[in-house]
Each structure stands twice: as structure tokens, then as C-alpha cells.
Amino acid sequence: MTDEKIALVTGANKGIGFAAARQLGERGAVVIVGARDETLGKQAADALAADGIAATALRLDVTDPEGVAEAAREIERRHGRLDILVNNAGTAGAFTGRPSEATAADLREVYETNVFGVVTVTHAMLPLLLRSPAGRIVNLSSHVGSLTLQADPDSPLAGVNMIAYQSSKTALNAVTAAYAKELRGTPVKVNAALPGVVATDMNHHRGRRTPAEGAAVVVRLALLDESGPSGVCLADEGPVPW
């Protein structure tokens, strides 16, 4: 087994995912650029490769279980294992109304990517991660997923009430904690990264932080050493309560 880390980043053709792929590649990882659109994924991988990063594209729609299973088989054929999985692909969904106006379909649209997609990809990739001497899973969450912060009327998030997106990130936090609990005693660590309010397509580039700034905590968790935590929700300022 080589010392190179094999890293898969979902939704890596743009935004935080692309920035995380770049930073991991700059630190010596072989980066697999997962993207739903094959052309955009190849363009992103080519851009990284042009800067000297070992990057290849892989078509990966996290809402397509058969496609995800095929992606896992392709990674096994190429590399035989996976060292880092960054579950970055996400959506805010189309619904922007009050919680009382939301339907189950509105939530389901967001959950398909933000929750069920993460479960689908993790389920497919975990056997490969368990072959790594130091497997790392990083799930992209958000401060708005914290029940502690949501319930505090004095929190900076008190005025934020996006039922589909917020509840999907709360569910993702629970999924993260569950995986971390199961994988205690193995070389695999599972954590949630909170990149902050980053300027991306999801918020029409209204965020205060750049994708590179948001990706820093993702990469920090992806490259944890053996003494690092598992089952935490981490932002730049430190751990955030679930």
C-alpha cells in the first residue's frame, strides 16, 4: 500500500467541494472528483491536473444508488481502497416558504441529496474505507443544523427558519453520530464539518466566506491523525453542539 491518500469528494466540480479537492490534492492526496454531470466533473479534474494535482473525474449522482454502487466498483478497480470520503454534495431545495406551508415533498427533495444521498454513498464506500489504515469520513453540515442553536432565542440563528434545509442538516448530524458510534474501535473516523456561510451557487454567492475558507475545516477533518476526534461537529471556531 502506498503512502498516497485516495480521496473522493462528492459534488466536487464547484464551490466548497472543488476547493476541498484542491486543498487535499495540494497536500498530496490523489483526488477523485465526484460530479453528477460528467462533463463538468472532467473540466474540474482537468483544471486541478493542470495545476499539478493528481485528479480524476468520476460520474457520481448521490441520488442514484445503482450509479453510486458502480462508482464504488470503479474506485476499487482503480485504487483498491479509499482513505477519505467527503460527502459534500448538497442542496437547499426550491421551497422558501414558512414551515407551516411546507409539504413532505418539499422536504423529501432536500433529504434525497443531503441525507439519503450521504447514506447511499457511505454505505457503498465504507468497505473501501475499512481497507484504509486511517479512513476518514467528513459530512458537510451547517450551523443551522444544530438543535441547540436553533432552540436558543438569543442565538444568531434565531431568525433563520428554513425547515427543509435546516432539518436535513440536523438529520445529517444524527447520521454522522450514528456512523461514528458504530465505527469506534476501527481506523475510520466520522465527523461533520461546518464551513460557515460560504459564497456558493446555493445562496446565490451571498456568503461572507470564500469556498477556500469554508473548505479549510473539511480538509482538517479529512487529514486527522490517529489522536483526532470522531463523532464531532467542527467549525473553524471549534466544536459546535449538535
# chains A, B, ... in the order shown; residues from 1 in each chain; ligands from 1
call {"tool": "select_by_dssp", "arguments": {"residues": "segment 3-214 of chain A", "states": "helix (DSSP H, G or I)", "output": "JSON, numbers by chain"}}
result
{"A": [15, 16, 17, 18, 19, 20, 21, 22, 23, 24, 25, 26, 38, 39, 40, 41, 42, 43, 44, 45, 46, 47, 48, 49, 50, 65, 66, 67, 68, 69, 70, 71, 72, 73, 74, 75, 76, 77, 78, 79, 99, 100, 101, 104, 105, 106, 107, 108, 109, 110, 111, 112, 113, 114, 115, 116, 117, 118, 119, 120, 121, 122, 123, 124, 125, 126, 127, 128, 129, 143, 144, 145, 147, 148, 149, 150, 151, 163, 164, 165, 166, 167, 168, 169, 170, 171, 172, 173, 174, 175, 176, 177, 178, 179, 180, 181, 182, 201, 202, 203, 211, 212, 213, 214]}
call {"tool": "residues_around", "arguments": {"residues": "Leu60 of chain A", "least_positions_apart": "5", "cutoff": "8 Å", "atoms": "only C-alpha atoms", "output": "PyMOL selection string"}}
result
chain A and resi 10+34-37+67-68+71
call {"tool": "atom_distance", "arguments": {"atom1": "atom CA of Leu221 of chain A", "atom2": "atom CA of Asp236 of chain A"}}
result
10.9 Å
call {"tool": "closest_residue", "arguments": {"among": "A:Val217, A:Leu129, A:Val119, A:Leu157", "to": "Tyr179 of chain A", "atoms": "only C-alpha atoms"}}
result
A:Val119
call {"tool": "atom_distance", "arguments": {"atom1": "atom CA of Lys189 of chain A", "atom2": "atom CA of Trp242 of chain A"}}
result
17.2 Å
call {"tool": "residues_around", "arguments": {"residues": "Ala55 of chain A", "least_positions_apart": "3", "cutoff": "12 Å", "atoms": "only C-alpha atoms", "output": "ChimeraX atom specification"}}
result
/A:5-9,12-13,18,21-26,28-34,41-52,58
